[in-house]
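For reference, final_26.txt is printed below; it contains compact mmCIF, C-alpha atoms (C1' of nucleotides).
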```
# COMPACT_ATOMS: atom_id res chain seq x y z
CA MET Z 1 115.20 -78.81 -59.68
CA LYS Z 2 118.17 -79.72 -57.54
CA TYR Z 3 121.00 -80.11 -60.05
CA THR Z 4 119.94 -77.46 -62.56
CA LEU Z 5 120.28 -73.71 -63.14
CA ARG Z 6 118.49 -71.59 -65.73
CA ILE Z 7 120.15 -70.10 -68.77
CA LYS Z 8 119.54 -66.35 -68.77
CA LYS Z 9 121.92 -64.67 -71.21
CA ASN Z 10 121.21 -64.21 -74.86
CA ASN Z 11 124.81 -64.76 -75.91
CA VAL Z 12 124.78 -68.16 -74.22
CA PHE Z 13 121.89 -69.20 -76.42
CA LYS Z 14 123.77 -68.02 -79.50
CA TYR Z 15 126.84 -69.98 -78.43
CA ILE Z 16 124.83 -73.16 -77.92
CA PHE Z 17 123.13 -72.96 -81.31
CA LYS Z 18 126.47 -72.37 -82.99
CA LYS Z 19 128.76 -74.79 -81.21
CA GLY Z 20 126.43 -77.50 -79.94
CA ILE Z 21 124.79 -80.61 -81.44
CA TYR Z 22 121.09 -81.24 -81.77
CA SER Z 23 118.48 -83.95 -82.26
CA LYS Z 24 115.05 -83.62 -83.86
CA GLY Z 25 111.94 -85.33 -82.54
CA ASN Z 26 108.33 -85.16 -83.68
CA PHE Z 27 107.45 -82.06 -81.65
CA VAL Z 28 110.71 -80.68 -80.31
CA VAL Z 29 114.36 -80.03 -81.12
CA VAL Z 30 116.93 -80.50 -78.34
CA HIS Z 31 120.24 -78.60 -78.45
CA VAL Z 32 123.12 -79.67 -76.23
CA CYS Z 33 126.69 -78.54 -75.67
CA LYS Z 34 129.27 -78.76 -72.91
CA THR Z 35 129.59 -75.92 -70.45
CA LYS Z 36 132.51 -73.51 -70.54
CA ASN Z 37 134.58 -75.04 -67.76
CA PHE Z 38 133.67 -78.67 -68.37
CA ASN Z 39 135.27 -81.33 -66.20
CA GLN Z 40 134.28 -84.43 -64.23
CA THR Z 41 133.48 -82.61 -60.99
CA ASN Z 42 130.59 -80.51 -62.34
CA THR Z 43 127.39 -80.97 -60.38
CA ASN Z 44 125.00 -78.73 -62.32
CA ASN Z 45 123.32 -78.61 -65.71
CA PHE Z 46 121.98 -75.48 -67.40
CA PHE Z 47 118.50 -75.73 -68.87
CA ALA Z 48 116.01 -73.64 -70.89
CA VAL Z 49 112.83 -74.00 -72.93
CA CYS Z 50 111.94 -71.95 -76.02
CA VAL Z 51 108.41 -71.55 -77.40
CA SER Z 52 107.71 -69.41 -80.42
CA LYS Z 53 104.78 -67.04 -80.68
CA LYS Z 54 103.49 -69.11 -83.57
CA ASN Z 55 102.61 -71.94 -81.17
CA GLY Z 56 99.61 -70.03 -79.84
CA ASN Z 57 98.68 -67.39 -77.32
CA SER Z 58 100.32 -66.98 -73.96
CA VAL Z 59 98.16 -69.56 -72.20
CA LYS Z 60 99.08 -72.26 -74.69
CA ARG Z 61 102.75 -71.30 -74.67
CA ASN Z 62 102.84 -71.40 -70.89
CA ARG Z 63 101.33 -74.87 -70.93
CA LEU Z 64 103.94 -76.17 -73.38
CA LYS Z 65 106.71 -74.71 -71.24
CA ARG Z 66 105.33 -76.34 -68.12
CA LEU Z 67 105.06 -79.71 -69.80
CA ALA Z 68 108.68 -79.60 -70.95
CA ARG Z 69 109.87 -78.47 -67.54
CA GLU Z 70 107.95 -81.28 -65.85
CA VAL Z 71 109.49 -83.91 -68.16
CA TYR Z 72 112.97 -82.56 -67.48
CA ARG Z 73 112.31 -82.57 -63.75
CA GLN Z 74 111.35 -86.26 -63.79
CA GLU Z 75 114.40 -87.27 -65.86
CA GLU Z 76 116.86 -84.96 -64.16
CA GLU Z 77 118.56 -87.48 -61.82
CA ASN Z 78 119.44 -89.87 -64.66
CA LEU Z 79 121.25 -87.30 -66.82
CA LYS Z 80 124.96 -86.56 -67.08
CA ARG Z 81 126.14 -83.34 -65.45
CA GLY Z 82 127.93 -80.35 -66.94
CA TYR Z 83 125.86 -79.70 -70.03
CA ASN Z 84 123.74 -76.89 -71.51
CA ILE Z 85 120.37 -78.20 -72.65
CA VAL Z 86 117.82 -76.18 -74.67
CA ILE Z 87 114.44 -77.58 -75.73
CA ILE Z 88 112.79 -75.79 -78.66
CA TYR Z 89 109.23 -76.45 -79.77
CA LYS Z 90 108.60 -76.74 -83.49
CA LYS Z 91 106.26 -74.28 -85.12
CA GLU Z 92 103.70 -76.94 -86.00
CA THR Z 93 103.31 -78.10 -82.38
CA LEU Z 94 99.97 -76.99 -80.96
CA SER Z 95 98.84 -77.60 -77.41
CA ASP Z 96 95.56 -79.18 -78.56
CA LYS Z 97 97.35 -82.06 -80.34
CA VAL Z 98 99.80 -82.81 -77.53
CA ASN Z 99 99.51 -84.35 -74.08
CA PHE Z 100 102.07 -85.02 -71.39
CA PHE Z 101 102.98 -88.57 -72.45
CA THR Z 102 103.63 -87.85 -76.12
CA ILE Z 103 105.91 -84.96 -75.19
CA LYS Z 104 107.67 -87.15 -72.62
CA ASP Z 105 108.37 -89.93 -75.13
CA ASP Z 106 109.62 -87.43 -77.67
CA ILE Z 107 112.03 -85.72 -75.31
CA ILE Z 108 113.37 -88.98 -73.89
CA ASN Z 109 114.11 -90.24 -77.41
CA CYS Z 110 116.05 -87.08 -78.14
CA PHE Z 111 118.04 -87.42 -74.93
CA LYS Z 112 118.93 -91.01 -75.87
CA ASP Z 113 120.03 -89.85 -79.32
CA LEU Z 114 122.37 -87.32 -77.76
CA ASP Z 115 123.76 -89.91 -75.29
CA LEU Z 116 122.94 -87.86 -72.22
CA TYR Z 117 122.06 -90.76 -69.91
CA GLU Z 118 124.64 -92.16 -67.58
C1' U P 119 55.62 -72.87 -75.71
C1' U P 120 58.26 -69.80 -79.24
C1' A P 121 60.64 -65.16 -80.23
C1' G P 122 62.64 -60.85 -78.06
C1' U P 123 64.47 -57.49 -74.26
C1' A P 124 66.93 -55.91 -69.60
C1' U P 125 69.59 -57.19 -65.21
C1' C P 126 72.37 -60.53 -62.32
C1' U P 127 75.36 -64.98 -60.94
C1' C P 128 79.17 -68.80 -61.78
C1' A P 129 83.79 -69.56 -64.33
C1' G P 130 84.89 -76.57 -61.57
C1' A P 131 85.23 -79.19 -56.57
C1' U P 132 87.50 -82.91 -53.27
C1' G P 133 91.41 -86.45 -52.21
C1' A P 134 96.37 -88.99 -53.08
C1' U P 135 101.73 -88.92 -54.97
C1' C P 136 105.67 -85.81 -57.02
C1' G P 137 107.08 -80.47 -57.80
C1' C P 138 107.23 -74.45 -58.20
C1' U P 139 106.95 -68.97 -55.91
C1' U P 140 106.35 -65.98 -51.49
C1' G P 141 105.79 -65.52 -46.22
C1' U P 142 106.07 -67.33 -41.00
C1' G P 143 108.12 -70.60 -37.31
C1' U P 144 111.56 -74.21 -36.08
C1' U P 145 116.07 -75.12 -37.33
C1' U P 146 119.50 -77.06 -41.44
C1' U P 147 115.68 -79.44 -43.97
C1' U P 148 111.45 -80.00 -42.54
C1' A P 149 106.24 -78.05 -40.92
C1' C P 150 102.25 -74.65 -41.79
C1' A P 151 99.71 -70.69 -44.63
C1' A P 152 98.69 -68.09 -49.21
C1' G P 153 99.20 -68.25 -54.53
C1' A P 154 95.89 -65.26 -62.04
C1' G P 155 90.83 -62.78 -64.62
C1' G P 156 85.86 -61.21 -65.79
C1' A P 157 87.87 -59.56 -69.03
C1' A P 158 94.49 -60.16 -66.13
C1' A P 159 93.67 -58.61 -73.17
C1' G P 160 93.38 -53.88 -76.41
C1' U P 161 96.33 -49.56 -74.38
C1' C P 162 91.28 -45.91 -75.99
C1' C P 163 90.29 -42.13 -71.83
C1' G P 164 90.89 -40.35 -66.52
C1' G P 165 93.72 -40.15 -61.91
C1' A P 166 97.51 -41.56 -57.88
C1' C P 167 102.89 -41.74 -57.70
C1' A P 168 107.90 -40.23 -59.74
C1' C P 169 111.14 -37.16 -62.49
C1' U P 170 112.25 -32.59 -65.55
C1' A P 171 115.51 -26.64 -68.85
C1' U P 172 106.51 -26.52 -67.23
C1' A P 173 106.66 -23.05 -63.42
C1' G P 174 110.21 -16.93 -69.08
C1' A P 175 106.51 -15.08 -72.20
C1' G P 176 102.94 -16.03 -75.22
C1' C P 177 101.16 -18.05 -79.61
C1' A P 178 100.14 -22.44 -81.87
C1' G P 179 98.18 -27.18 -80.89
C1' G P 180 94.82 -30.81 -78.41
C1' G P 181 90.16 -32.13 -75.96
C1' U P 182 84.96 -31.57 -74.49
C1' G P 183 79.96 -29.59 -76.21
C1' C P 184 71.31 -30.62 -73.90
C1' U P 185 70.12 -30.23 -68.12
C1' A P 186 70.89 -31.57 -62.99
C1' G P 187 73.59 -34.68 -59.87
C1' A P 188 77.80 -38.36 -58.55
C1' U P 189 83.13 -38.79 -58.35
C1' A P 190 90.05 -38.09 -56.77
C1' A P 191 89.10 -37.39 -61.98
C1' C P 192 87.05 -38.47 -66.78
C1' G P 193 85.46 -38.58 -73.15
C1' U P 194 82.74 -42.47 -67.33
C1' C P 195 78.21 -43.29 -64.38
C1' U P 196 72.96 -42.03 -62.51
C1' A P 197 68.23 -39.52 -63.16
C1' G P 198 65.84 -36.55 -66.70
C1' U P 199 64.79 -33.16 -71.46
C1' G P 200 64.55 -32.86 -76.93
C1' G P 201 65.11 -35.97 -81.46
C1' G P 202 64.99 -40.95 -83.76
C1' A P 203 63.92 -46.70 -84.20
C1' G P 204 60.49 -50.59 -82.72
C1' U P 205 53.44 -53.57 -82.41
C1' G P 206 55.85 -53.62 -77.48
C1' A P 207 59.28 -54.52 -73.32
C1' U P 208 63.15 -51.43 -74.56
C1' C P 209 67.13 -49.29 -77.30
C1' C P 210 70.14 -45.36 -79.97
C1' U P 211 71.65 -40.17 -79.88
C1' A P 212 79.55 -35.36 -80.20
C1' A P 213 72.25 -32.91 -79.17
C1' G P 214 75.94 -24.99 -78.99
C1' G P 215 76.20 -21.43 -83.58
C1' A P 216 74.45 -21.91 -90.87
C1' A P 217 70.88 -13.51 -91.63
C1' A P 218 80.03 -13.17 -88.74
C1' G P 219 82.88 -15.01 -92.87
C1' U P 220 85.04 -18.86 -96.34
C1' G P 221 84.37 -23.53 -98.70
C1' C P 222 81.66 -27.91 -100.58
C1' A P 223 77.05 -30.18 -102.58
C1' A P 224 79.37 -36.57 -106.72
C1' C P 225 75.84 -38.84 -110.53
C1' A P 226 71.31 -37.34 -112.45
C1' G P 227 68.75 -32.86 -113.45
C1' A P 228 66.76 -26.85 -117.01
C1' A P 229 68.44 -25.30 -112.30
C1' A P 230 72.10 -27.23 -106.01
C1' A P 231 70.98 -20.80 -104.23
C1' U P 232 71.60 -13.77 -107.69
C1' A P 233 66.99 -20.67 -110.05
C1' A P 234 63.72 -19.41 -116.64
C1' C P 235 65.51 -25.45 -120.19
C1' C P 236 60.56 -26.96 -121.83
C1' G P 237 55.84 -24.91 -120.91
C1' C P 238 52.11 -20.62 -120.07
C1' U P 239 50.81 -15.19 -121.12
C1' A P 240 51.34 -10.32 -123.45
C1' U P 241 53.42 -7.17 -127.10
C1' U P 242 55.95 -7.17 -131.38
C1' U P 243 56.73 -11.09 -135.02
C1' U P 244 61.17 -14.97 -134.38
C1' A P 245 63.01 -11.06 -130.34
C1' U P 246 61.75 -8.61 -125.62
C1' A P 247 59.15 -8.66 -121.08
C1' G P 248 56.28 -11.21 -117.26
C1' U P 249 55.63 -15.94 -114.82
C1' A P 250 57.69 -21.06 -110.08
C1' A P 251 50.60 -23.45 -111.88
C1' G P 252 52.66 -28.30 -114.67
C1' G P 253 57.40 -31.37 -116.18
C1' G P 254 61.37 -36.32 -115.89
C1' U P 255 66.09 -36.08 -111.83
C1' G P 256 68.03 -36.27 -106.92
C1' A P 257 69.79 -37.59 -100.25
C1' A P 258 67.85 -32.54 -100.69
C1' A P 259 63.98 -28.37 -105.50
C1' A P 260 62.08 -22.60 -102.72
C1' C P 261 55.41 -24.37 -97.05
C1' G P 262 50.39 -27.80 -97.96
C1' U P 263 44.89 -27.69 -99.34
C1' G P 264 40.93 -24.59 -100.99
C1' A P 265 38.94 -19.88 -102.56
C1' G P 266 39.58 -14.96 -104.44
C1' G P 267 42.40 -12.28 -107.81
C1' U P 268 45.19 -12.04 -112.64
C1' A P 269 46.93 -11.07 -119.53
C1' A P 270 48.97 -15.70 -117.54
C1' G P 271 50.72 -16.77 -112.85
C1' G P 272 52.54 -16.42 -107.93
C1' G P 273 51.64 -16.03 -99.84
C1' C P 274 49.81 -11.45 -104.30
C1' U P 275 45.38 -11.60 -100.63
C1' C P 276 42.14 -14.55 -97.39
C1' A P 277 40.54 -19.18 -94.49
C1' C P 278 42.29 -23.68 -92.27
C1' G P 279 46.76 -26.44 -91.21
C1' A P 280 52.18 -27.33 -90.60
C1' A P 281 57.29 -25.13 -89.60
C1' C P 282 60.68 -21.49 -87.42
C1' A P 283 61.79 -17.12 -84.21
C1' A P 284 60.78 -13.41 -80.41
C1' C P 285 57.60 -11.89 -76.36
C1' U P 286 53.96 -12.86 -72.32
C1' A P 287 51.59 -16.22 -68.77
C1' U P 288 51.53 -20.95 -66.13
C1' G P 289 54.37 -25.43 -64.45
C1' G P 290 59.51 -27.19 -63.39
C1' A P 291 65.79 -26.76 -59.60
C1' G P 292 67.01 -26.83 -64.87
C1' A P 293 67.18 -28.68 -69.96
C1' C P 294 62.20 -27.82 -71.40
C1' A P 295 56.71 -28.36 -71.77
C1' U P 296 51.67 -26.19 -72.46
C1' A P 297 48.73 -21.96 -73.88
C1' G P 298 48.27 -17.09 -76.00
C1' C P 299 49.89 -13.26 -79.18
C1' U P 300 53.13 -11.00 -82.87
C1' G P 301 56.33 -11.74 -86.79
C1' U P 302 59.01 -14.60 -90.78
C1' G P 303 59.49 -17.38 -95.62
C1' G P 304 66.88 -16.18 -95.70
C1' U P 305 68.24 -25.22 -99.04
C1' G P 306 71.66 -28.56 -96.68
C1' U P 307 76.53 -29.41 -94.58
C1' A P 308 80.26 -27.31 -88.52
C1' A P 309 82.50 -36.26 -86.88
C1' A P 310 84.56 -29.01 -93.54
C1' C P 311 87.51 -24.62 -92.06
C1' C P 312 85.63 -21.48 -88.58
C1' C P 313 82.98 -18.72 -84.26
C1' C P 314 81.44 -19.21 -79.00
C1' A P 315 81.92 -21.45 -73.94
C1' C P 316 84.86 -24.50 -70.71
C1' C P 317 89.34 -27.62 -69.84
C1' U P 318 94.54 -28.57 -71.04
C1' A P 319 102.88 -28.70 -69.51
C1' G P 320 105.76 -33.22 -70.97
C1' U P 321 107.55 -38.19 -70.13
C1' G P 322 106.19 -43.02 -67.90
C1' C P 323 108.01 -48.01 -62.65
C1' A P 324 112.84 -49.67 -68.52
C1' A P 325 109.80 -43.58 -63.82
C1' C P 326 112.96 -42.79 -59.70
C1' A P 327 116.40 -43.68 -55.15
C1' C P 328 120.48 -46.34 -52.90
C1' C P 329 124.74 -50.16 -52.62
C1' A P 330 128.76 -52.72 -54.98
C1' G P 331 131.91 -53.09 -59.00
C1' A P 332 133.53 -52.20 -63.96
C1' A P 333 134.52 -48.82 -67.68
C1' C P 334 133.08 -46.15 -72.53
C1' A P 335 135.74 -53.95 -77.29
C1' A P 336 137.12 -54.18 -82.60
C1' A P 337 135.99 -53.85 -87.84
C1' A P 338 132.95 -52.49 -92.01
C1' G P 339 129.02 -49.64 -94.04
C1' A P 340 125.18 -45.64 -94.32
C1' U P 341 123.44 -40.58 -93.36
C1' U P 342 125.56 -34.77 -93.20
C1' A P 343 121.05 -32.95 -92.19
C1' A P 344 118.07 -35.82 -90.12
C1' G P 345 116.98 -37.51 -85.20
C1' A P 346 116.50 -36.70 -79.66
C1' U P 347 115.47 -32.92 -75.96
C1' U P 348 108.16 -29.39 -75.75
C1' G P 349 105.26 -27.82 -82.14
C1' C P 350 107.59 -22.57 -82.58
C1' U P 351 111.44 -18.42 -80.68
C1' C P 352 116.91 -19.70 -77.66
C1' G P 353 120.53 -23.73 -76.10
C1' U P 354 122.73 -29.04 -76.00
C1' C P 355 124.15 -34.07 -78.14
C1' A P 356 126.47 -36.76 -83.93
C1' U P 357 123.27 -41.02 -85.00
C1' C P 358 122.05 -45.77 -86.99
C1' U P 359 122.85 -50.79 -89.10
C1' U P 360 125.64 -55.28 -89.78
C1' U P 361 129.59 -58.70 -88.58
C1' U P 362 133.17 -60.72 -85.09
C1' A P 363 134.24 -61.66 -79.85
C1' A P 364 130.60 -67.14 -74.03
C1' G P 365 133.19 -58.49 -73.27
C1' U P 366 129.62 -56.00 -69.49
C1' U P 367 124.22 -54.87 -68.54
C1' G P 368 124.83 -57.18 -60.80
C1' G P 369 121.87 -56.38 -56.21
C1' U P 370 118.23 -53.82 -52.91
C1' G P 371 114.18 -50.59 -52.48
C1' G P 372 109.99 -48.59 -55.34
C1' C P 373 106.13 -53.59 -54.72
C1' U P 374 101.44 -53.97 -52.75
C1' U P 375 97.18 -51.62 -46.29
C1' G P 376 94.45 -49.82 -50.78
C1' A P 377 90.04 -43.42 -53.50
C1' A P 378 90.87 -52.12 -50.31
C1' G P 379 87.18 -55.82 -49.36
C1' U P 380 82.84 -58.09 -46.55
C1' A P 381 78.46 -57.31 -43.41
C1' U P 382 74.87 -54.04 -41.16
C1' A P 383 72.52 -49.26 -40.53
C1' U P 384 71.30 -44.28 -42.25
C1' A P 385 70.51 -40.47 -46.47
C1' G P 386 69.10 -40.54 -51.69
C1' C P 387 64.47 -42.51 -57.32
C1' A P 388 69.58 -43.76 -58.50
C1' A P 389 74.89 -43.20 -59.41
C1' U P 390 76.94 -42.69 -54.65
C1' A P 391 78.07 -40.89 -49.67
C1' U P 392 78.58 -41.42 -44.26
C1' A P 393 79.06 -44.40 -39.73
C1' U P 394 80.19 -48.99 -37.05
C1' A P 395 82.29 -53.90 -36.81
C1' C P 396 85.41 -57.53 -38.94
C1' U P 397 89.29 -59.24 -42.53
C1' C P 398 94.50 -58.98 -44.75
C1' U P 399 93.60 -61.42 -49.90
C1' A P 400 99.68 -63.02 -55.74
C1' G P 401 104.08 -59.93 -55.97
C1' A P 402 107.43 -63.24 -60.05
C1' U P 403 112.05 -61.08 -62.92
C1' A P 404 114.61 -66.36 -69.01
C1' A P 405 109.69 -64.64 -65.05
C1' A P 406 105.95 -69.22 -59.77
C1' U P 407 100.40 -71.05 -59.58
C1' G P 408 102.14 -77.42 -62.66
C1' A P 409 102.09 -83.14 -63.85
C1' U P 410 99.68 -87.93 -63.12
C1' C P 411 95.63 -90.85 -60.99
C1' A P 412 90.61 -91.44 -58.68
C1' U P 413 85.42 -89.75 -57.64
C1' C P 414 81.42 -86.30 -58.59
C1' A P 415 76.19 -87.67 -65.30
C1' A P 416 79.91 -84.10 -68.04
C1' A P 417 84.02 -80.46 -66.81
C1' U P 418 84.62 -78.39 -72.66
C1' A P 419 84.40 -71.26 -73.95
C1' C P 420 87.49 -66.72 -74.18
C1' A P 421 91.90 -66.45 -72.08
C1' G P 422 97.87 -65.71 -68.05
C1' A P 423 99.05 -60.53 -63.08
C1' A P 424 104.28 -57.38 -64.17
C1' U P 425 103.63 -49.88 -60.30
C1' C P 426 98.50 -49.30 -58.60
C1' C P 427 93.31 -47.71 -59.04
C1' G P 428 88.30 -45.81 -61.85
C1' G P 429 86.05 -46.57 -66.58
C1' C P 430 85.41 -47.75 -71.94
C1' U P 431 86.02 -51.29 -75.98
C1' U P 432 86.69 -56.13 -77.85
C1' A P 433 86.67 -61.98 -77.16
C1' U P 434 83.68 -65.78 -74.84
C1' G P 435 80.85 -70.98 -72.13
C1' A P 436 76.75 -72.06 -68.82
C1' G P 437 72.63 -70.62 -65.84
C1' A P 438 68.75 -67.64 -63.16
C1' U P 439 65.07 -63.76 -62.71
C1' G P 440 61.82 -59.66 -64.32
C1' C P 441 59.26 -57.62 -68.46
C1' U P 442 57.18 -57.55 -73.74
C1' A P 443 54.81 -59.71 -78.23
C1' A P 444 52.36 -63.83 -80.66
C1' A P 445 49.92 -68.54 -80.49
C1' G P 446 47.68 -72.36 -77.58
C1' U P 447 45.39 -74.84 -73.03
C1' U P 448 42.50 -74.47 -68.40
```
Encoding of this model in structure tokens:
Amino acid sequence: MKYTLRIKKNNVFKYIFKKGIYSKGNFVVVHVCKTKNFNQTNTNNFFAVCVSKKNGNSVKRNRLKRLAREVYRQEEENLKRGYNIVIIYKKETLSDKVNFFTIKDDIINCFKDLDLYE
RNA sequence: UUAGUAUCUCAGAUGAUCGCUUGUGUUUUUACAAGAGGAAAGUCCGGACACUAUAGAGCAGGGUGCUAGAUAACGUCUAGUGGGAGUGAUCCUAAGGAAAGUGCAACAGAAAAUAACCGCUAUUUUAUAGUAAGGGUGAAAACGUGAGGUAAGGGCUCACGAACAACUAUGGAGACAUAGCUGUGGUGUAAACCCCACCUAGUGCAACACCAGAACAAAAGAUUAAGAUUGCUCGUCAUCUUUUAAGUUGGUGGCUUGAAGUAUAUAGCAAUAUAUACUCUAGAUAAAUGAUCAUCAAAUACAGAAUCCGGCUUAUGAGAUGCUAAAGUU
């Protein structure tokens, strides 16, 4: 992913959940806030995916993470820069009920809600 | 054919487009190569490796428990012995010691280990003595059958049989087996304490080493005797929780060439060992191995490496082969 770095620190997650805005879809919740030194010249976004242990065993969780990452990768070039983005799966989301296209539609709707497209 | 039993194999493949991690070469963004499991899981054992107030002394504690072999080691494996289950193939088995000592044996039953409640016999008359033949219970009740004997009975005696122990002989490397002879009648339980024999320091890659840089944020509450350092003898350190604050927690090595794999030969019933040749086969760190489409009849179970090996246990889809039993056909 060319324009994106990973979020690694726990306190960053806390900050995003506290200060940011969010949008709920059918399967996911997307949290967004501006980065610390936000201005027009930023070229990178920060991105992360969260999957709870209640969504299944490690194989199923890995698959959900990969699906979300793939969706973000395809949409990456159309997004505004300089934001923190966190995708959280709901507890009820199971990998059996979901395929790539339903997840993609869901996430794109959330992005439109949050006005992330240029 | 049905049912069972043992062993083994596989765990989707190919192509196209777009991506991820590592390595190599070009060179500054491209090319090539490799990229999860049989259990990667549980963390139940054993080792390698690393460190330490183990190397001072012991005690305590823990583990194992038929024999022989294999192995780096094991609680694992192989081949056997005894015991048990099954018509059978086959499977299960912590399988030393109960006359060293202590404890326990629910309910039922007269009684659970110094057996006398009922019954039987004798004498005296309402008590004493003898007696385990008969009696319901129970997981377990004082060897079984027959004869003699007796007041009545009883291994009290005898015959046959079963059990246990010692000795002798034969076979076997051994556990042990077979036979003979002598003796015994002292219930079970040691995955109860215990005794005997053998083994055993602790903590785990968040180990540990190096480089760079920063420096022990504030407030509130709880515990003062608990926790950590080896369970004890001696010494050392106060610790934890919550809230607030984009406070720090960086990088490199350790890290994958190994008790490795594949093939062949030799030794061995086998586990396994030795020799030769060839091969290099994940190494991430908010954590790679993915998405979509097409074809193959269909691709669907359990499930994701985290220092590395050897096992065990548990989860689970499909298939093959040998053997056993029953029924049927030729």
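For the residues P:U366, P:U232, P:U172, P:U360, ranking by smallest atom-to-atom distance to chain Z using all atoms listed in the file places P:U366 first.
Distances from P:G422, P:G401, P:G143, P:G320 to chain Z were compared using all atoms listed in the file, and the smallest one belongs to P:G422.
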- Task: Report the distance between atom C1' of P:G252 and atom C1' of P:U239 in Å, rounded to one decimal place.
- Result: 14.7 Å
- Note on the structure: With distances taken over all atoms listed in the file, the candidate from Z:Leu79, Z:Ile107, Z:Cys50, Z:Val30 nearest chain P is Z:Cys50
For chain P, report every residue with an atom at most 10 Å from chain Z (counting all atoms listed in the file), formatted as an mmCIF file with C-alpha atoms (C1' of nucleotides), keeping the file's coordinate frame.
```cif
data_model
loop_
_atom_site.group_PDB
_atom_site.id
_atom_site.type_symbol
_atom_site.label_atom_id
_atom_site.label_comp_id
_atom_site.auth_asym_id
_atom_site.auth_seq_id
_atom_site.Cartn_x
_atom_site.Cartn_y
_atom_site.Cartn_z
ATOM 1 C "C1'" C P 136 105.670 -85.810 -57.020
ATOM 2 C "C1'" G P 137 107.080 -80.470 -57.800
ATOM 3 C "C1'" C P 138 107.230 -74.450 -58.200
ATOM 4 C "C1'" A P 364 130.600 -67.140 -74.030
ATOM 5 C "C1'" A P 404 114.610 -66.360 -69.010
ATOM 6 C "C1'" G P 408 102.140 -77.420 -62.660
ATOM 7 C "C1'" A P 409 102.090 -83.140 -63.850
ATOM 8 C "C1'" U P 410 99.680 -87.930 -63.120
ATOM 9 C "C1'" A P 421 91.900 -66.450 -72.080
ATOM 10 C "C1'" G P 422 97.870 -65.710 -68.050
#
```
- Item | Distance in Å - atom C1' of P:U139 versus atom C1' of P:A400 | 9.4 Å
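In this comparison, which uses all atoms listed in the file, the residue of Z:Phe47, Z:Lys19, Z:Tyr83, Z:Thr102 approaching Z:Leu114 most closely is Z:Tyr83.
Atom C1' of P:C311 is found 29.0 Å from atom C1' of P:G202.
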- Task: Within 10 Å of P:C420, counting all atoms listed in the file, which residues show up once you throw out same-chain ones fewer than 5 positions away? Write them as an NGL selection string, please.
- Result: :P and (157 or 433-435)
- Message: List as an NGL selection string the protein and nucleic acid residues near Z:Gly20, meaning an atom at most 10 Å away when all atoms listed in the file are counted, but skip any in the same chain fewer than 6 places from it.
- Response: :Z and (14 or 31-34 or 84-85)
- Message: Using all atoms listed in the file, which protein or nucleic acid residues come within 12 Å of P:A231? Drop anything in the same chain fewer than 2 positions from it, and give the result as a ChimeraX atom specification.
- Response: /P:223,229,233,259-260,304-306
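These residues, each with an atom at most 12 Å from (73.6, -64.5, -55.7) using all atoms listed in the file, are C126, U127, C128, G437, A438 and U439 of chain P.
The shortest atom-to-atom distance to P:A166, with all atoms listed in the file taken into account, belongs to P:C426 out of P:A149, P:A406, P:C426, P:A327.
When all atoms listed in the file are used to compute distances to P:C167, the closest of the residues P:C323, P:C328, P:A258, P:A415 turns out to be P:C323.
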Adding 5 Å on each side of the box along x, y and z that holds all listed atoms of stretch 410-424 of chain P, could you give its centre and edge lengths in Å to one decimal, as JSON?
```
{"center_x": 90.2, "center_y": -74.4, "center_z": -65.9, "size_x": 38.1, "size_y": 44.1, "size_z": 26.5}
```
- For P:A224: contacts at 12 Å, all atoms listed in the file, fewer than 5 positions along chain excluded, given as a ChimeraX atom specification: /P:230,256-257
